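This report concerns only the one structure given below.
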Amino acid sequence: MKEKIKLEKFFDKLNKKLFPGGKKQHKKETQEIMKLSNGKLNFDESLNLLLATSALFSMAEDRSESRMIGYINKKTNRKLSNEEDKAIFNFIASKFFIKPMEKEKIKNGNDKKFLRIYDLLMGYSGRFYKFIIDCLDTSSLLKDSNGGRNYGVSTLFEICIYFLFRLDFSLVVFRQKYDTRKKLFLFCVENLKKEFENKLENNNLNKIIDNRMDGYGKIVRKWNKEIKIEDLHFCLLELIKQAKNNNKLEFWDFEKGPITIMDVFKEIPLKSGLMGGEKAIMIAFSCALKRLFKDNDDFILLSLNEINKRINER
């Protein structure tokens, strides 16, 4: 009896952690699962799948796509197509990844400062990702397709790396010490790898990250005083198109043209999402970095309280 009570308390606590919005969040996300199943699952079946898969996702060491899709397939008694299983996996996976990382072992004060900036990066990446997905979902041009549902974990990863590049670029622009810049960059890379390595079908995330950072860097080095954000957006657009329905990341030659061919009208919502996200979200991220770096050459000399104050200023 005691064990049963303990177990009930554990799952109640887990439920509150996974669904802080309570019944409203349950309802909203259950309706999304119903939509992704194309009506094959009723409300109760969708709610049960949402709760069970979210719980497994939060506790399992192996959260790979193949393992989780297999679980969803079994849990729904194989009612759904592979495409529907995958869409539900992408929805639940992205729900987890847009949250800041769990606070693991923090060795010293500098790591706490690095973690605060990493959390900033992840928070804004998640907002940018959701902005693009919402733009795709509400587009009349995509009304007969799955909208943003095909853009899952790989898309979020590409956006996180784009934000990592913009963070590193800000460190250069505001002349932060190289040693500090390098330590912060490596800290972010290591935590991004922890965040994504079990969810993506890649054993070479270091090389993928190097490929993206080097490519974006080459674009910036070609700029002659005038910043052309659309050049970066073109590359991010191509990488997001490549990430569609695909959890295996590929290398891309940034010197070449488009990787995939998409109907020009279907590209409009993506381009619109990128530009809207740039104005609504990236500017706020860049302003927070400017407040942090503008009057010093080594931000780790600032106290953690001062770093939080500058980040949270409006």
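Naming works like this for the structure tokens: A, B, ... for the chains as they're shown, residue 1 at the start of each chain, ligands 1 onward in shown order.
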(request) Fewer than 4 positions away in the same chain doesn't count, so skip those; otherwise give me all residues within 8 Å of range 80-87 of chain A, counting only C-alpha atoms, as a ChimeraX atom specification. (result) /A:36-38,40,69,72-73,76,91,149-150,152
(request) Might you pull out every residue within 10 Å of Lys27 in chain A, with only C-alpha atoms counted and same-chain residues fewer than 5 positions away left off, and present them as a PyMOL selection string? (result) chain A and resi 21-22+32-33+43+46-47
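Taking CA of Ile300 in chain A and CA of Lys113 in chain A as endpoints, the distance between them is 6.9 Å.
Distance-wise, CA of Glu306 in chain A and CA of Arg181 in chain A end up 18.6 Å apart.
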